[in-house]
Amino acid sequence: MPSSKSEVLQGTLDLLVLKTLDSMGPMHGFGIALRIQQVSDKLLQLNQGTVYPALLRIEQRGWIASKWGVSENNRKAKYYSLTQRGRKQLEQEVESWDRMSAVINRVLRTT
């Protein structure tokens, strides 16, 4: 189990980012981190050192695309959006997460 608010289980950050972009549409990295924090009731707090390397990795895999735009604060920002490959990956990741969490729950409920 994560020992602090900032830790995310390995492999789940990609899923969280993909789901956020699927739900919210194109967003900049800081907005993605804030949205994950908001939806998690502040239990997950992602810093830039976590979010931006993940965005780069996910983009290199072709799951998201980026383009420069202007943020709400009138600053230059890179906006990320889900690609078709990313939508397919999201479906696979959700199925995998559901299977794994069901297995873990089964083990935890065994007496």
# chains A, B, ... in the order shown; residues from 1 in each chain; ligands from 1
call {"tool": "residues_around", "arguments": {"residues": "A:Val70", "least_positions_apart": "5", "cutoff": "12 Å", "atoms": "only C-alpha atoms", "output": "number ranges by chain"}}
result
A: 27-28, 75-79
call {"tool": "write_last_selection", "arguments": {"atoms": "all heavy atoms", "output": "mmCIF file, in the first residue's frame"}}
result
data_model
loop_
_atom_site.group_PDB
_atom_site.id
_atom_site.type_symbol
_atom_site.label_atom_id
_atom_site.label_comp_id
_atom_site.auth_asym_id
_atom_site.auth_seq_id
_atom_site.Cartn_x
_atom_site.Cartn_y
_atom_site.Cartn_z
ATOM 1 N N MET A 27 -5.919 18.453 -22.149
ATOM 2 C CA MET A 27 -5.516 19.183 -20.945
ATOM 3 C C MET A 27 -4.002 19.334 -20.931
ATOM 4 O O MET A 27 -3.293 18.535 -21.537
ATOM 5 C CB MET A 27 -5.918 18.416 -19.678
ATOM 6 C CG MET A 27 -7.398 18.183 -19.491
ATOM 7 S SD MET A 27 -7.734 17.291 -17.947
ATOM 8 C CE MET A 27 -7.597 18.632 -16.769
ATOM 9 N N HIS A 28 -3.530 20.326 -20.180
ATOM 10 C CA HIS A 28 -2.088 20.454 -19.962
ATOM 11 C C HIS A 28 -1.708 19.624 -18.742
ATOM 12 O O HIS A 28 -2.582 19.192 -17.972
ATOM 13 C CB HIS A 28 -1.647 21.907 -19.834
ATOM 14 C CG HIS A 28 -2.414 22.709 -18.828
ATOM 15 N ND1 HIS A 28 -2.257 22.556 -17.477
ATOM 16 C CD2 HIS A 28 -3.350 23.668 -18.989
ATOM 17 C CE1 HIS A 28 -3.040 23.395 -16.839
ATOM 18 N NE2 HIS A 28 -3.729 24.082 -17.733
ATOM 19 N N ARG A 75 -0.620 31.598 -20.545
ATOM 20 C CA ARG A 75 0.762 31.147 -20.678
ATOM 21 C C ARG A 75 0.829 30.035 -21.706
ATOM 22 O O ARG A 75 -0.124 29.266 -21.876
ATOM 23 C CB ARG A 75 1.293 30.625 -19.345
ATOM 24 C CG ARG A 75 1.433 31.696 -18.311
ATOM 25 C CD ARG A 75 2.078 31.144 -17.073
ATOM 26 N NE ARG A 75 2.279 32.214 -16.110
ATOM 27 C CZ ARG A 75 2.699 32.034 -14.904
ATOM 28 N NH1 ARG A 75 2.964 30.820 -14.457
ATOM 29 N NH2 ARG A 75 2.869 33.039 -14.089
ATOM 30 N N LYS A 76 1.967 29.909 -22.331
ATOM 31 C CA LYS A 76 2.178 28.830 -23.287
ATOM 32 C C LYS A 76 2.181 27.497 -22.528
ATOM 33 O O LYS A 76 2.842 27.363 -21.502
ATOM 34 C CB LYS A 76 3.518 29.046 -23.995
ATOM 35 C CG LYS A 76 3.772 28.123 -25.151
ATOM 36 C CD LYS A 76 5.084 28.493 -25.838
ATOM 37 C CE LYS A 76 5.395 27.519 -26.939
ATOM 38 N NZ LYS A 76 6.677 27.814 -27.577
ATOM 39 N N ALA A 77 1.420 26.516 -23.024
ATOM 40 C CA ALA A 77 1.330 25.217 -22.352
ATOM 41 C C ALA A 77 1.161 24.122 -23.401
ATOM 42 O O ALA A 77 0.566 24.342 -24.453
ATOM 43 C CB ALA A 77 0.150 25.199 -21.385
ATOM 44 N N LYS A 78 1.680 22.965 -23.101
ATOM 45 C CA LYS A 78 1.524 21.807 -23.974
ATOM 46 C C LYS A 78 0.254 21.078 -23.561
ATOM 47 O O LYS A 78 0.097 20.703 -22.402
ATOM 48 C CB LYS A 78 2.742 20.886 -23.849
ATOM 49 C CG LYS A 78 2.883 19.900 -24.974
ATOM 50 C CD LYS A 78 4.130 19.047 -24.792
ATOM 51 C CE LYS A 78 5.048 19.217 -25.964
ATOM 52 N NZ LYS A 78 6.169 18.262 -25.924
ATOM 53 N N TYR A 79 -0.646 20.911 -24.508
ATOM 54 C CA TYR A 79 -1.911 20.223 -24.263
ATOM 55 C C TYR A 79 -1.836 18.806 -24.806
ATOM 56 O O TYR A 79 -1.357 18.585 -25.917
ATOM 57 C CB TYR A 79 -3.073 20.982 -24.910
ATOM 58 C CG TYR A 79 -3.506 22.165 -24.083
ATOM 59 C CD1 TYR A 79 -2.779 23.358 -24.112
ATOM 60 C CD2 TYR A 79 -4.604 22.086 -23.257
ATOM 61 C CE1 TYR A 79 -3.160 24.439 -23.335
ATOM 62 C CE2 TYR A 79 -4.991 23.158 -22.471
ATOM 63 C CZ TYR A 79 -4.268 24.328 -22.529
ATOM 64 O OH TYR A 79 -4.634 25.392 -21.746
#
call {"tool": "residues_around", "arguments": {"residues": "A:Ile32", "least_positions_apart": "3", "cutoff": "10 Å", "atoms": "only C-alpha atoms", "output": "list in words"}}
result
Leu16, Val17, Leu18, Thr20, Leu21, Met24, Pro26, Met27, His28, Gly29, Arg35, Ile36, Gln37, Gln38, Leu46, Val51, Leu55, Tyr79 and Tyr80 of chain A
call {"tool": "closest_atom_pairs", "arguments": {"of": "stretch 12-71 of chain A", "to": "stretch 88-105 of chain A", "cutoff": "8 Å", "atoms": "only C-alpha atoms", "output": "JSON lines"}}
result
{"residue": "A:Leu15", "atom": "CA", "partner": "A:Glu93", "partner_atom": "CA", "distance": 6.3}
{"residue": "A:Leu18", "atom": "CA", "partner": "A:Leu90", "partner_atom": "CA", "distance": 6.1}
{"residue": "A:Lys19", "atom": "CA", "partner": "A:Leu90", "partner_atom": "CA", "distance": 6.9}
{"residue": "A:Trp63", "atom": "CA", "partner": "A:Gln89", "partner_atom": "CA", "distance": 7.2}
call {"tool": "select_by_dssp", "arguments": {"residues": "stretch 10-70 of chain A", "states": "helix (DSSP H, G or I)", "output": "MDAnalysis selection string"}}
result
chainID A and resid 12:24 29:39 48:60
call {"tool": "closest_residue", "arguments": {"among": "A:Arg57, A:Asp22, A:Ser71, A:Ser40", "to": "A:Gln84", "atoms": "only C-alpha atoms"}}
result
A:Asp22
call {"tool": "decode", "arguments": {"residues": "stretch 72-94 of chain A", "atoms": "C-alpha atoms", "output": "PDB file, in the first residue's frame"}}
result
ATOM      1  CA  GLU A  72      -6.170  29.754 -18.701  1.00  0.00           C
ATOM      2  CA  ASN A  73      -3.418  31.984 -17.246  1.00  0.00           C
ATOM      3  CA  ASN A  74      -2.468  33.152 -20.749  1.00  0.00           C
ATOM      4  CA  ARG A  75       0.762  31.147 -20.678  1.00  0.00           C
ATOM      5  CA  LYS A  76       2.178  28.830 -23.287  1.00  0.00           C
ATOM      6  CA  ALA A  77       1.330  25.217 -22.352  1.00  0.00           C
ATOM      7  CA  LYS A  78       1.524  21.807 -23.974  1.00  0.00           C
ATOM      8  CA  TYR A  79      -1.911  20.223 -24.263  1.00  0.00           C
ATOM      9  CA  TYR A  80      -2.285  16.456 -24.368  1.00  0.00           C
ATOM     10  CA  SER A  81      -5.104  14.504 -25.972  1.00  0.00           C
ATOM     11  CA  LEU A  82      -5.977  10.833 -26.244  1.00  0.00           C
ATOM     12  CA  THR A  83      -5.260   9.108 -29.564  1.00  0.00           C
ATOM     13  CA  GLN A  84      -7.193   6.189 -31.035  1.00  0.00           C
ATOM     14  CA  ARG A  85      -4.394   3.878 -29.851  1.00  0.00           C
ATOM     15  CA  GLY A  86      -4.732   5.477 -26.433  1.00  0.00           C
ATOM     16  CA  ARG A  87      -8.462   4.725 -26.307  1.00  0.00           C
ATOM     17  CA  LYS A  88      -7.764   1.070 -27.089  1.00  0.00           C
ATOM     18  CA  GLN A  89      -4.999   0.985 -24.485  1.00  0.00           C
ATOM     19  CA  LEU A  90      -7.322   2.545 -21.922  1.00  0.00           C
ATOM     20  CA  GLU A  91      -9.881  -0.215 -22.523  1.00  0.00           C
ATOM     21  CA  GLN A  92      -7.184  -2.860 -22.075  1.00  0.00           C
ATOM     22  CA  GLU A  93      -5.806  -1.189 -18.949  1.00  0.00           C
ATOM     23  CA  VAL A  94      -9.270  -0.935 -17.361  1.00  0.00           C
TER      24      VAL A  94
END
